[in-house]
$ cat run_13.cif   # mmCIF, C-alpha atoms
data_protein
#
loop_
_atom_site.group_PDB
_atom_site.id
_atom_site.type_symbol
_atom_site.label_atom_id
_atom_site.label_comp_id
_atom_site.auth_asym_id
_atom_site.auth_seq_id
_atom_site.Cartn_x
_atom_site.Cartn_y
_atom_site.Cartn_z
ATOM 1 C CA MET A 1 26.758 -31.859 -0.669
ATOM 2 C CA ALA A 2 23.315 -30.665 0.451
ATOM 3 C CA ARG A 3 20.687 -33.404 0.503
ATOM 4 C CA ILE A 4 18.307 -32.343 -2.257
ATOM 5 C CA HIS A 5 15.368 -34.538 -3.184
ATOM 6 C CA PRO A 6 15.421 -35.444 -6.901
ATOM 7 C CA ASN A 7 11.997 -33.812 -7.345
ATOM 8 C CA ALA A 8 13.135 -30.486 -5.862
ATOM 9 C CA VAL A 9 14.245 -27.553 -8.038
ATOM 10 C CA VAL A 10 17.268 -25.667 -6.710
ATOM 11 C CA HIS A 11 18.863 -22.885 -8.734
ATOM 12 C CA PRO A 12 22.609 -23.481 -9.240
ATOM 13 C CA GLY A 13 23.291 -20.024 -7.809
ATOM 14 C CA ALA A 14 21.685 -20.827 -4.454
ATOM 15 C CA GLN A 15 24.122 -21.209 -1.556
ATOM 16 C CA LEU A 16 23.312 -24.197 0.633
ATOM 17 C CA ALA A 17 25.405 -25.564 3.499
ATOM 18 C CA ASP A 18 26.525 -29.154 3.102
ATOM 19 C CA ASP A 19 23.921 -30.642 5.461
ATOM 20 C CA VAL A 20 20.872 -28.644 4.343
ATOM 21 C CA GLU A 21 17.904 -30.812 3.354
ATOM 22 C CA ILE A 22 15.487 -29.835 0.573
ATOM 23 C CA GLY A 23 12.292 -31.892 0.351
ATOM 24 C CA PRO A 24 10.342 -33.079 -2.692
ATOM 25 C CA PHE A 25 8.724 -30.521 -5.000
ATOM 26 C CA SER A 26 10.312 -27.592 -3.193
ATOM 27 C CA VAL A 27 11.845 -24.682 -5.110
ATOM 28 C CA VAL A 28 14.895 -22.666 -4.026
ATOM 29 C CA GLY A 29 15.743 -19.502 -5.937
ATOM 30 C CA GLU A 30 18.992 -18.059 -7.251
ATOM 31 C CA HIS A 31 19.619 -15.492 -4.497
ATOM 32 C CA VAL A 32 18.886 -17.736 -1.518
ATOM 33 C CA SER A 33 21.455 -18.651 1.145
ATOM 34 C CA ILE A 34 20.668 -21.342 3.750
ATOM 35 C CA ALA A 35 23.087 -22.122 6.586
ATOM 36 C CA ALA A 36 23.928 -25.420 8.245
ATOM 37 C CA GLY A 37 21.383 -27.647 9.914
ATOM 38 C CA SER A 38 18.326 -26.214 8.167
ATOM 39 C CA ARG A 39 15.596 -28.368 6.637
ATOM 40 C CA VAL A 40 13.055 -27.456 3.967
ATOM 41 C CA GLY A 41 10.031 -29.742 3.771
ATOM 42 C CA PRO A 42 7.937 -30.639 0.718
ATOM 43 C CA HIS A 43 6.231 -28.125 -1.571
ATOM 44 C CA CYS A 44 7.992 -25.079 -0.127
ATOM 45 C CA VAL A 45 9.163 -22.072 -2.134
ATOM 46 C CA ILE A 46 12.158 -20.089 -0.877
ATOM 47 C CA ASP A 47 12.905 -17.232 -3.231
ATOM 48 C CA GLY A 48 13.995 -13.609 -3.394
ATOM 49 C CA HIS A 49 17.172 -12.206 -1.868
ATOM 50 C CA THR A 50 16.766 -14.384 1.203
ATOM 51 C CA THR A 51 19.363 -15.261 3.838
ATOM 52 C CA ILE A 52 18.472 -18.041 6.293
ATOM 53 C CA GLY A 53 20.574 -18.912 9.326
ATOM 54 C CA ARG A 54 21.304 -22.209 11.032
ATOM 55 C CA ASN A 55 18.925 -24.947 12.195
ATOM 56 C CA ASN A 56 15.727 -23.527 10.744
ATOM 57 C CA VAL A 57 12.876 -25.892 9.828
ATOM 58 C CA PHE A 58 10.312 -25.134 7.116
ATOM 59 C CA HIS A 59 7.352 -27.487 7.087
ATOM 60 C CA GLY A 60 5.263 -28.189 4.008
ATOM 61 C CA SER A 61 4.053 -25.511 1.594
ATOM 62 C CA ALA A 62 5.699 -22.490 3.227
ATOM 63 C CA GLN A 63 6.301 -19.530 0.879
ATOM 64 C CA ILE A 64 9.411 -17.675 2.052
ATOM 65 C CA GLY A 65 10.981 -14.597 0.448
ATOM 66 C CA CYS A 66 7.996 -14.007 -1.809
ATOM 67 C CA ALA A 67 7.462 -10.655 -3.508
ATOM 68 C CA PRO A 68 5.764 -7.989 -1.359
ATOM 69 C CA GLN A 69 2.030 -7.603 -1.799
ATOM 70 C CA ASP A 70 2.513 -3.898 -2.452
ATOM 71 C CA LYS A 71 1.549 -2.205 -5.713
ATOM 72 C CA LYS A 72 4.549 0.108 -5.418
ATOM 73 C CA TYR A 73 6.947 -2.828 -5.576
ATOM 74 C CA GLN A 74 8.688 -2.968 -8.949
ATOM 75 C CA GLY A 75 10.996 -5.936 -8.505
ATOM 76 C CA GLU A 76 13.736 -4.197 -6.514
ATOM 77 C CA PRO A 77 16.269 -6.592 -4.914
ATOM 78 C CA THR A 78 14.916 -6.180 -1.401
ATOM 79 C CA ARG A 79 15.762 -8.725 1.253
ATOM 80 C CA LEU A 80 14.554 -11.197 3.856
ATOM 81 C CA VAL A 81 16.946 -12.198 6.652
ATOM 82 C CA MET A 82 16.205 -14.931 9.206
ATOM 83 C CA GLY A 83 18.298 -15.915 12.196
ATOM 84 C CA ASP A 84 18.767 -19.359 13.746
ATOM 85 C CA GLY A 85 16.483 -22.032 15.137
ATOM 86 C CA ASN A 86 13.173 -20.822 13.726
ATOM 87 C CA SER A 87 10.280 -23.236 13.107
ATOM 88 C CA VAL A 88 8.023 -22.264 10.207
ATOM 89 C CA TYR A 89 4.866 -24.306 9.706
ATOM 90 C CA HIS A 90 2.491 -25.091 6.857
ATOM 91 C CA PHE A 91 1.384 -22.404 4.399
ATOM 92 C CA VAL A 92 3.250 -19.580 6.143
ATOM 93 C CA THR A 93 4.036 -16.625 3.852
ATOM 94 C CA ILE A 94 6.895 -14.202 4.542
ATOM 95 C CA SER A 95 7.615 -11.365 2.099
ATOM 96 C CA THR A 96 10.826 -9.487 1.409
ATOM 97 C CA GLY A 97 11.034 -5.751 2.129
ATOM 98 C CA THR A 98 10.254 -2.741 -0.028
ATOM 99 C CA SER A 99 12.240 0.310 -1.053
ATOM 100 C CA GLN A 100 9.688 2.513 0.734
ATOM 101 C CA ASP A 101 11.217 1.287 4.022
ATOM 102 C CA GLU A 102 14.735 -0.100 4.544
ATOM 103 C CA GLY A 103 14.214 -2.870 2.005
ATOM 104 C CA LEU A 104 14.393 -5.563 4.667
ATOM 105 C CA THR A 105 12.093 -8.019 6.398
ATOM 106 C CA SER A 106 13.846 -9.691 9.333
ATOM 107 C CA LEU A 107 13.307 -12.394 11.935
ATOM 108 C CA GLY A 108 15.591 -13.151 14.864
ATOM 109 C CA ASP A 109 16.157 -16.531 16.519
ATOM 110 C CA ASP A 110 13.975 -19.289 17.975
ATOM 111 C CA ASN A 111 10.663 -18.050 16.622
ATOM 112 C CA TRP A 112 7.682 -20.402 16.348
ATOM 113 C CA ILE A 113 5.613 -19.439 13.302
ATOM 114 C CA MET A 114 2.475 -21.575 13.121
ATOM 115 C CA ALA A 115 0.304 -22.533 10.143
ATOM 116 C CA TYR A 116 -1.109 -19.903 7.778
ATOM 117 C CA VAL A 117 0.696 -16.980 9.408
ATOM 118 C CA HIS A 118 1.391 -14.047 7.061
ATOM 119 C CA ILE A 119 4.360 -11.728 7.692
ATOM 120 C CA ALA A 120 4.226 -8.887 5.194
ATOM 121 C CA HIS A 121 6.968 -6.701 3.755
ATOM 122 C CA ASP A 122 9.321 -4.745 6.023
ATOM 123 C CA CYS A 123 8.225 -6.463 9.239
ATOM 124 C CA ARG A 124 10.788 -6.826 12.016
ATOM 125 C CA ILE A 125 10.312 -9.852 14.257
ATOM 126 C CA GLY A 126 12.506 -10.258 17.327
ATOM 127 C CA SER A 127 13.475 -13.567 18.929
ATOM 128 C CA HIS A 128 11.565 -16.208 20.928
ATOM 129 C CA THR A 129 8.179 -15.124 19.585
ATOM 130 C CA ILE A 130 5.169 -17.381 19.035
ATOM 131 C CA LEU A 131 2.745 -16.511 16.244
ATOM 132 C CA ALA A 132 -0.287 -18.778 16.466
ATOM 133 C CA ASN A 133 -2.303 -20.011 13.495
ATOM 134 C CA ASN A 134 -3.536 -17.410 10.994
ATOM 135 C CA ALA A 135 -1.919 -14.427 12.692
ATOM 136 C CA THR A 136 -1.594 -11.720 10.032
ATOM 137 C CA LEU A 137 0.948 -8.895 10.109
ATOM 138 C CA ALA A 138 0.540 -6.024 7.664
ATOM 139 C CA GLY A 139 3.598 -4.204 6.338
ATOM 140 C CA HIS A 140 6.164 -2.494 8.566
ATOM 141 C CA VAL A 141 4.988 -4.185 11.804
ATOM 142 C CA HIS A 142 7.609 -4.591 14.559
ATOM 143 C CA LEU A 143 7.425 -7.341 17.210
ATOM 144 C CA GLY A 144 9.748 -7.334 20.213
ATOM 145 C CA ASP A 145 11.316 -10.408 21.769
ATOM 146 C CA TRP A 146 9.072 -12.964 23.526
ATOM 147 C CA VAL A 147 5.858 -11.636 21.952
ATOM 148 C CA PHE A 148 2.951 -14.074 21.719
ATOM 149 C CA LEU A 149 0.216 -13.508 19.114
ATOM 150 C CA GLY A 150 -3.009 -15.462 19.590
ATOM 151 C CA GLY A 151 -4.687 -17.210 16.682
ATOM 152 C CA PHE A 152 -6.275 -15.010 14.017
ATOM 153 C CA THR A 153 -4.652 -11.863 15.409
ATOM 154 C CA THR A 154 -4.502 -9.076 12.830
ATOM 155 C CA ILE A 155 -2.044 -6.190 13.142
ATOM 156 C CA HIS A 156 -2.362 -2.900 11.242
ATOM 157 C CA GLN A 157 0.617 -1.655 9.262
ATOM 158 C CA PHE A 158 3.326 0.266 11.151
ATOM 159 C CA CYS A 159 2.189 -1.014 14.575
ATOM 160 C CA LYS A 160 4.761 -1.958 17.192
ATOM 161 C CA ILE A 161 4.297 -4.680 19.807
ATOM 162 C CA GLY A 162 6.594 -4.431 22.825
ATOM 163 C CA THR A 163 8.677 -7.183 24.357
ATOM 164 C CA HIS A 164 6.762 -9.849 26.350
ATOM 165 C CA ALA A 165 3.408 -8.486 25.140
ATOM 166 C CA MET A 166 0.673 -10.796 23.935
ATOM 167 C CA THR A 167 -2.601 -10.695 22.032
ATOM 168 C CA ALA A 168 -5.737 -12.718 22.633
ATOM 169 C CA PHE A 169 -7.514 -14.844 20.033
ATOM 170 C CA THR A 170 -8.855 -12.692 17.127
ATOM 171 C CA ALA A 171 -7.404 -9.444 18.500
ATOM 172 C CA ALA A 172 -7.446 -6.637 15.918
ATOM 173 C CA VAL A 173 -4.505 -4.388 16.744
ATOM 174 C CA THR A 174 -4.543 -0.876 15.269
ATOM 175 C CA GLN A 175 -2.218 0.909 17.713
ATOM 176 C CA ASP A 176 1.053 0.183 19.477
ATOM 177 C CA VAL A 177 1.017 -2.321 22.373
ATOM 178 C CA PRO A 178 3.459 -1.553 25.220
ATOM 179 C CA PRO A 179 5.766 -4.207 26.667
ATOM 180 C CA TYR A 180 4.199 -6.833 28.937
ATOM 181 C CA VAL A 181 0.630 -5.798 28.037
ATOM 182 C CA THR A 182 -2.098 -8.173 26.863
ATOM 183 C CA ALA A 183 -4.267 -6.789 24.046
ATOM 184 C CA ALA A 184 -7.721 -8.237 23.394
ATOM 185 C CA GLY A 185 -10.784 -7.457 21.304
ATOM 186 C CA ASN A 186 -11.701 -5.696 18.083
ATOM 187 C CA ARG A 187 -10.367 -3.116 18.200
ATOM 188 C CA ALA A 188 -7.749 -4.324 20.645
ATOM 189 C CA ALA A 189 -7.744 -2.756 24.105
ATOM 190 C CA PRO A 190 -5.515 -3.387 27.135
ATOM 191 C CA ALA A 191 -6.577 -6.422 29.184
ATOM 192 C CA GLY A 192 -3.916 -6.763 31.872
ATOM 193 C CA ILE A 193 -0.327 -7.949 31.653
ATOM 194 C CA ASN A 194 1.174 -11.204 30.431
ATOM 195 C CA SER A 195 1.735 -12.511 33.983
ATOM 196 C CA GLU A 196 1.933 -16.197 33.128
ATOM 197 C CA GLY A 197 4.443 -15.599 30.350
ATOM 198 C CA LEU A 198 6.619 -13.558 32.698
ATOM 199 C CA ARG A 199 6.541 -16.270 35.372
ATOM 200 C CA ARG A 200 7.590 -18.863 32.814
ATOM 201 C CA ARG A 201 10.560 -16.676 31.840
ATOM 202 C CA GLY A 202 11.788 -16.347 35.408
ATOM 203 C CA TYR A 203 10.395 -12.987 36.470
ATOM 204 C CA THR A 204 9.981 -12.835 40.240
ATOM 205 C CA ALA A 205 6.714 -12.050 41.999
ATOM 206 C CA GLU A 206 8.182 -8.683 42.998
ATOM 207 C CA GLN A 207 9.094 -7.835 39.406
ATOM 208 C CA ILE A 208 5.641 -8.822 38.154
ATOM 209 C CA THR A 209 4.022 -6.690 40.864
ATOM 210 C CA GLU A 210 6.089 -3.698 39.773
ATOM 211 C CA ILE A 211 5.066 -4.233 36.142
ATOM 212 C CA LYS A 212 1.426 -4.392 37.253
ATOM 213 C CA ARG A 213 1.886 -1.044 39.015
ATOM 214 C CA ALA A 214 3.220 0.443 35.780
ATOM 215 C CA TYR A 215 0.218 -0.985 33.930
ATOM 216 C CA LYS A 216 -2.139 0.664 36.441
ATOM 217 C CA LEU A 217 -0.379 3.976 35.920
ATOM 218 C CA LEU A 218 -1.005 3.688 32.206
ATOM 219 C CA TYR A 219 -4.566 2.416 32.325
ATOM 220 C CA ARG A 220 -6.248 2.530 35.736
ATOM 221 C CA GLN A 221 -5.442 5.772 37.549
ATOM 222 C CA GLY A 222 -6.946 8.364 35.244
ATOM 223 C CA LEU A 223 -3.605 9.876 34.272
ATOM 224 C CA SER A 224 -2.941 11.352 30.874
ATOM 225 C CA LEU A 225 -0.585 9.335 28.699
ATOM 226 C CA GLU A 226 2.152 11.922 29.211
ATOM 227 C CA GLU A 227 1.736 11.841 33.004
ATOM 228 C CA ALA A 228 1.727 8.045 33.139
ATOM 229 C CA CYS A 229 4.805 7.732 30.929
ATOM 230 C CA ALA A 230 6.685 10.294 32.997
ATOM 231 C CA GLU A 231 5.891 8.431 36.228
ATOM 232 C CA ILE A 232 7.018 5.093 34.772
ATOM 233 C CA VAL A 233 10.251 6.655 33.498
ATOM 234 C CA ALA A 234 10.907 8.076 36.962
ATOM 235 C CA ARG A 235 10.363 4.675 38.615
ATOM 236 C CA ALA A 236 12.551 2.813 36.096
ATOM 237 C CA SER A 237 15.819 4.058 37.572
ATOM 238 C CA ALA A 238 15.181 1.874 40.616
ATOM 239 C CA ARG A 239 13.276 -0.911 38.824
ATOM 240 C CA PRO A 240 15.203 -2.340 35.823
ATOM 241 C CA GLU A 241 12.197 -4.379 34.645
ATOM 242 C CA LEU A 242 10.503 -1.076 33.744
ATOM 243 C CA GLN A 243 13.262 -0.113 31.322
ATOM 244 C CA ALA A 244 11.386 -1.932 28.558
ATOM 245 C CA PHE A 245 8.634 0.692 28.878
ATOM 246 C CA VAL A 246 11.179 3.514 28.814
ATOM 247 C CA ASP A 247 12.783 2.152 25.644
ATOM 248 C CA PHE A 248 9.415 1.571 23.973
ATOM 249 C CA PHE A 249 7.663 4.902 24.548
ATOM 250 C CA PRO A 250 9.849 6.980 22.167
ATOM 251 C CA THR A 251 9.425 4.420 19.362
ATOM 252 C CA ALA A 252 5.602 4.385 19.416
ATOM 253 C CA THR A 253 4.264 6.060 16.291
ATOM 254 C CA ARG A 254 0.597 5.000 16.130
ATOM 255 C CA GLY A 255 -0.322 5.866 19.697
ATOM 256 C CA LEU A 256 -0.639 3.343 22.511
ATOM 257 C CA ILE A 257 -3.744 1.199 22.910
ATOM 258 C CA ARG A 258 -5.769 2.819 25.715
#

$ encode --input "run_13.cif" --output "structure tokens"
Amino acid sequence: MARIHPNAVVHPGAQLADDVEIGPFSVVGEHVSIAAGSRVGPHCVIDGHTTIGRNNVFHGSAQIGCAPQDKKYQGEPTRLVMGDGNSVYHFVTISTGTSQDEGLTSLGDDNWIMAYVHIAHDCRIGSHTILANNATLAGHVHLGDWVFLGGFTTIHQFCKIGTHAMTAFTAAVTQDVPPYVTAAGNRAAPAGINSEGLRRRGYTAEQITEIKRAYKLLYRQGLSLEEACAEIVARASARPELQAFVDFFPTATRGLIR
């Protein structure tokens, strides 16, 4: 049997693995499924049509699977799906999806979601991301794998942040951020590449140099966006690390930060 504190409220319809822990004064709703090894701390609410994978940890007062903050939402059974090994800290809020999108908010594996982060409806979060305190994602935002968001980052709805990209403290992102790029300021502008993050993940000096060359094509050589993208695509056949740019460019819908 799951280890449920006597002061917790768990709906009998909830599906909990045998070793799941539910802390005092937490509430788990009818349509929630939590897999093995996960722990829910005190004063959390996990509700909605929410599926949570293995070995996730929810610290105190997190609100997971809450209704979208969208006036068009009329109680449809939209979903939240989380993978494995995520750490969710105090007062984080994560909404389910809406029928205006695919009805799904999703997070991958091994994400580190720090205090007071808000992930709105229909967001798609990859794996191995770090969202620092008070980062705020509006609806329909997509984050690639290994993204780092600095504290108090705000991201406009429908923006996409490419793999290995990062934002500086208080960045206000209103357009798409390509892979590897650091965005800083209000409104956010390109400020180099995430070199230190790439080194920590095993990228070689040669690979990082090639990514810097791609960055200069985008931002430092006076090329139009179309010219820069075409040059990066041409170089990617010989430089696999540039494939992330090639995959990202067709998905950008709000225009790249420039």

$ resolve_selection --input "run_13.cif" --expression "the PyMOL selection byres ((chain A and resi 24) around 9)" --output "CSV table (one decimal) with C-alpha atoms, keeping the file's coordinate frame"
chain,number,residue,atom,x,y,z
A,4,ILE,CA,18.3,-32.3,-2.3
A,5,HIS,CA,15.4,-34.5,-3.2
A,6,PRO,CA,15.4,-35.4,-6.9
A,7,ASN,CA,12.0,-33.8,-7.3
A,8,ALA,CA,13.1,-30.5,-5.9
A,9,VAL,CA,14.2,-27.6,-8.0
A,22,ILE,CA,15.5,-29.8,0.6
A,23,GLY,CA,12.3,-31.9,0.4
A,25,PHE,CA,8.7,-30.5,-5.0
A,26,SER,CA,10.3,-27.6,-3.2
A,27,VAL,CA,11.8,-24.7,-5.1
A,41,GLY,CA,10.0,-29.7,3.8
A,42,PRO,CA,7.9,-30.6,0.7
A,43,HIS,CA,6.2,-28.1,-1.6
A,44,CYS,CA,8.0,-25.1,-0.1

$ resolve_selection --input "run_13.cif" --expression "the PyMOL selection byres ((chain A and resi 243-257) around 9)" --output "PyMOL selection string"
chain A and resi 158-160+162-163+173-180+183+188-190+214+225+229+232-233+236-237+239-242+258

$ residues_around --input "run_13.cif" --residues "stretch 71-88 of chain A" --least-positions-apart "5" --cutoff "7 Å" --atoms "only C-alpha atoms" --output "list of chain:residue names"
A:Gly48, A:His49, A:Thr50, A:Thr51, A:Ile52, A:Gly53, A:Arg54, A:Asn55, A:Asn56, A:Val57, A:Phe58, A:His59, A:Gly65, A:Thr96, A:Gly97, A:Thr98, A:Gly103, A:Leu104, A:Thr105, A:Ser106, A:Leu107, A:Gly108, A:Asp109, A:Asp110, A:Asn111, A:Trp112, A:Ile113, A:Met114

$ closest_residue --input "run_13.cif" --among "A:Ala165, A:Val28, A:Ala172, A:Leu218" --to "A:Ser195" --atoms "only C-alpha atoms"
A:Ala165

$ atom_distance --input "run_13.cif" --atom1 "atom CA of A:Asp47" --atom2 "atom CA of A:Ala132"
23.8 Å

$ residues_around --input "run_13.cif" --residues "A:Gly192" --least-positions-apart "4" --cutoff "9 Å" --atoms "only C-alpha atoms" --output "PDB file with C-alpha atoms, in the frame of the given file"
ATOM      1  CA  TYR A 180       4.199  -6.833  28.937  1.00  0.00           C
ATOM      2  CA  VAL A 181       0.630  -5.798  28.037  1.00  0.00           C
ATOM      3  CA  THR A 182      -2.098  -8.173  26.863  1.00  0.00           C
ATOM      4  CA  ALA A 183      -4.267  -6.789  24.046  1.00  0.00           C
ATOM      5  CA  LYS A 212       1.426  -4.392  37.253  1.00  0.00           C
ATOM      6  CA  TYR A 215       0.218  -0.985  33.930  1.00  0.00           C
ATOM      7  CA  LYS A 216      -2.139   0.664  36.441  1.00  0.00           C
TER       8      LYS A 216
END

$ atom_distance --input "run_13.cif" --atom1 "atom CA of A:Arg39" --atom2 "atom CA of A:His11"
16.6 Å

$ resolve_selection --input "run_13.cif" --expression "the PyMOL selection byres ((chain A and resi 124) around 8)" --output "number ranges by chain"
A: 105-107, 122-123, 125-126, 140-143

$ closest_residue --input "run_13.cif" --among "A:Gly139, A:Gly151, A:Gly144, A:Gly37" --to "A:Leu16" --atoms "all atoms listed in the file"
A:Gly37

$ closest_residue --input "run_13.cif" --among "A:Gly13, A:Glu30, A:Phe169, A:Cys66" --to "A:Val45" --atoms "all atoms listed in the file"
A:Cys66

$ axis_aligned_box --input "run_13.cif" --around "stretch 229-241 of chain A" --padding-each-side "8 Å" --output "JSON"
{"center_x": 10.3, "center_y": 3.0, "center_z": 35.8, "size_x": 27.0, "size_y": 30.7, "size_z": 25.7}

$ atom_distance --input "run_13.cif" --atom1 "atom CA of A:Glu21" --atom2 "atom CA of A:Ala115"
20.6 Å

$ closest_residue --input "run_13.cif" --among "A:Gly29, A:Ile46, A:Asn134, A:Ser127" --to "A:Ile94" --atoms "all atoms listed in the file"
A:Ile46

$ decode --input "run_13.cif" --residues "stretch 237-245 of chain A" --atoms "all heavy atoms" --output "PDB file, in the first residue's frame"
ATOM      1  N   SER A 237      25.674  19.436 -42.749  1.00  0.00           N
ATOM      2  CA  SER A 237      25.922  18.096 -43.274  1.00  0.00           C
ATOM      3  C   SER A 237      27.277  17.561 -42.831  1.00  0.00           C
ATOM      4  O   SER A 237      27.474  16.345 -42.685  1.00  0.00           O
ATOM      5  CB  SER A 237      25.837  18.108 -44.804  1.00  0.00           C
ATOM      6  OG  SER A 237      26.786  19.014 -45.350  1.00  0.00           O
ATOM      7  N   ALA A 238      28.218  18.466 -42.609  1.00  0.00           N
ATOM      8  CA  ALA A 238      29.554  18.060 -42.153  1.00  0.00           C
ATOM      9  C   ALA A 238      29.753  18.259 -40.659  1.00  0.00           C
ATOM     10  O   ALA A 238      30.760  17.794 -40.103  1.00  0.00           O
ATOM     11  CB  ALA A 238      30.627  18.836 -42.918  1.00  0.00           C
ATOM     12  N   ARG A 239      28.833  18.961 -39.999  1.00  0.00           N
ATOM     13  CA  ARG A 239      28.969  19.279 -38.579  1.00  0.00           C
ATOM     14  C   ARG A 239      27.683  18.881 -37.861  1.00  0.00           C
ATOM     15  O   ARG A 239      26.721  19.644 -37.790  1.00  0.00           O
ATOM     16  CB  ARG A 239      29.248  20.769 -38.373  1.00  0.00           C
ATOM     17  CG  ARG A 239      30.487  21.309 -39.055  1.00  0.00           C
ATOM     18  CD  ARG A 239      31.760  20.619 -38.614  1.00  0.00           C
ATOM     19  NE  ARG A 239      31.874  20.478 -37.169  1.00  0.00           N
ATOM     20  CZ  ARG A 239      32.974  20.072 -36.558  1.00  0.00           C
ATOM     21  NH1 ARG A 239      34.053  19.772 -37.267  1.00  0.00           N
ATOM     22  NH2 ARG A 239      32.995  19.957 -35.254  1.00  0.00           N
ATOM     23  N   PRO A 240      27.617  17.657 -37.308  1.00  0.00           N
ATOM     24  CA  PRO A 240      26.371  17.169 -36.692  1.00  0.00           C
ATOM     25  C   PRO A 240      25.842  18.051 -35.572  1.00  0.00           C
ATOM     26  O   PRO A 240      24.627  18.080 -35.328  1.00  0.00           O
ATOM     27  CB  PRO A 240      26.757  15.782 -36.170  1.00  0.00           C
ATOM     28  CG  PRO A 240      27.936  15.377 -36.992  1.00  0.00           C
ATOM     29  CD  PRO A 240      28.676  16.639 -37.319  1.00  0.00           C
ATOM     30  N   GLU A 241      26.733  18.770 -34.864  1.00  0.00           N
ATOM     31  CA  GLU A 241      26.258  19.617 -33.764  1.00  0.00           C
ATOM     32  C   GLU A 241      25.362  20.753 -34.260  1.00  0.00           C
ATOM     33  O   GLU A 241      24.606  21.341 -33.479  1.00  0.00           O
ATOM     34  CB  GLU A 241      27.434  20.180 -32.965  1.00  0.00           C
ATOM     35  CG  GLU A 241      28.392  21.025 -33.760  1.00  0.00           C
ATOM     36  CD  GLU A 241      29.497  20.222 -34.414  1.00  0.00           C
ATOM     37  OE1 GLU A 241      29.383  18.980 -34.473  1.00  0.00           O
ATOM     38  OE2 GLU A 241      30.479  20.856 -34.868  1.00  0.00           O
ATOM     39  N   LEU A 242      25.411  21.051 -35.554  1.00  0.00           N
ATOM     40  CA  LEU A 242      24.562  22.108 -36.110  1.00  0.00           C
ATOM     41  C   LEU A 242      23.173  21.606 -36.490  1.00  0.00           C
ATOM     42  O   LEU A 242      22.302  22.403 -36.840  1.00  0.00           O
ATOM     43  CB  LEU A 242      25.227  22.748 -37.333  1.00  0.00           C
ATOM     44  CG  LEU A 242      26.591  23.390 -37.102  1.00  0.00           C
ATOM     45  CD1 LEU A 242      27.052  24.108 -38.364  1.00  0.00           C
ATOM     46  CD2 LEU A 242      26.557  24.349 -35.917  1.00  0.00           C
ATOM     47  N   GLN A 243      22.961  20.306 -36.419  1.00  0.00           N
ATOM     48  CA  GLN A 243      21.656  19.765 -36.793  1.00  0.00           C
ATOM     49  C   GLN A 243      20.541  20.317 -35.910  1.00  0.00           C
ATOM     50  O   GLN A 243      19.402  20.453 -36.363  1.00  0.00           O
ATOM     51  CB  GLN A 243      21.676  18.237 -36.709  1.00  0.00           C
ATOM     52  CG  GLN A 243      20.414  17.561 -37.247  1.00  0.00           C
ATOM     53  CD  GLN A 243      20.180  17.827 -38.719  1.00  0.00           C
ATOM     54  OE1 GLN A 243      21.131  17.849 -39.513  1.00  0.00           O
ATOM     55  NE2 GLN A 243      18.917  18.045 -39.098  1.00  0.00           N
ATOM     56  N   ALA A 244      20.865  20.652 -34.673  1.00  0.00           N
ATOM     57  CA  ALA A 244      19.848  21.232 -33.785  1.00  0.00           C
ATOM     58  C   ALA A 244      19.278  22.521 -34.373  1.00  0.00           C
ATOM     59  O   ALA A 244      18.078  22.790 -34.274  1.00  0.00           O
ATOM     60  CB  ALA A 244      20.432  21.490 -32.400  1.00  0.00           C
ATOM     61  N   PHE A 245      20.132  23.338 -34.999  1.00  0.00           N
ATOM     62  CA  PHE A 245      19.641  24.535 -35.684  1.00  0.00           C
ATOM     63  C   PHE A 245      18.723  24.156 -36.835  1.00  0.00           C
ATOM     64  O   PHE A 245      17.648  24.743 -37.023  1.00  0.00           O
ATOM     65  CB  PHE A 245      20.812  25.358 -36.239  1.00  0.00           C
ATOM     66  CG  PHE A 245      21.615  26.110 -35.224  1.00  0.00           C
ATOM     67  CD1 PHE A 245      22.910  25.724 -34.925  1.00  0.00           C
ATOM     68  CD2 PHE A 245      21.090  27.220 -34.589  1.00  0.00           C
ATOM     69  CE1 PHE A 245      23.672  26.430 -33.997  1.00  0.00           C
ATOM     70  CE2 PHE A 245      21.840  27.934 -33.654  1.00  0.00           C
ATOM     71  CZ  PHE A 245      23.134  27.532 -33.368  1.00  0.00           C
TER      72      PHE A 245
END
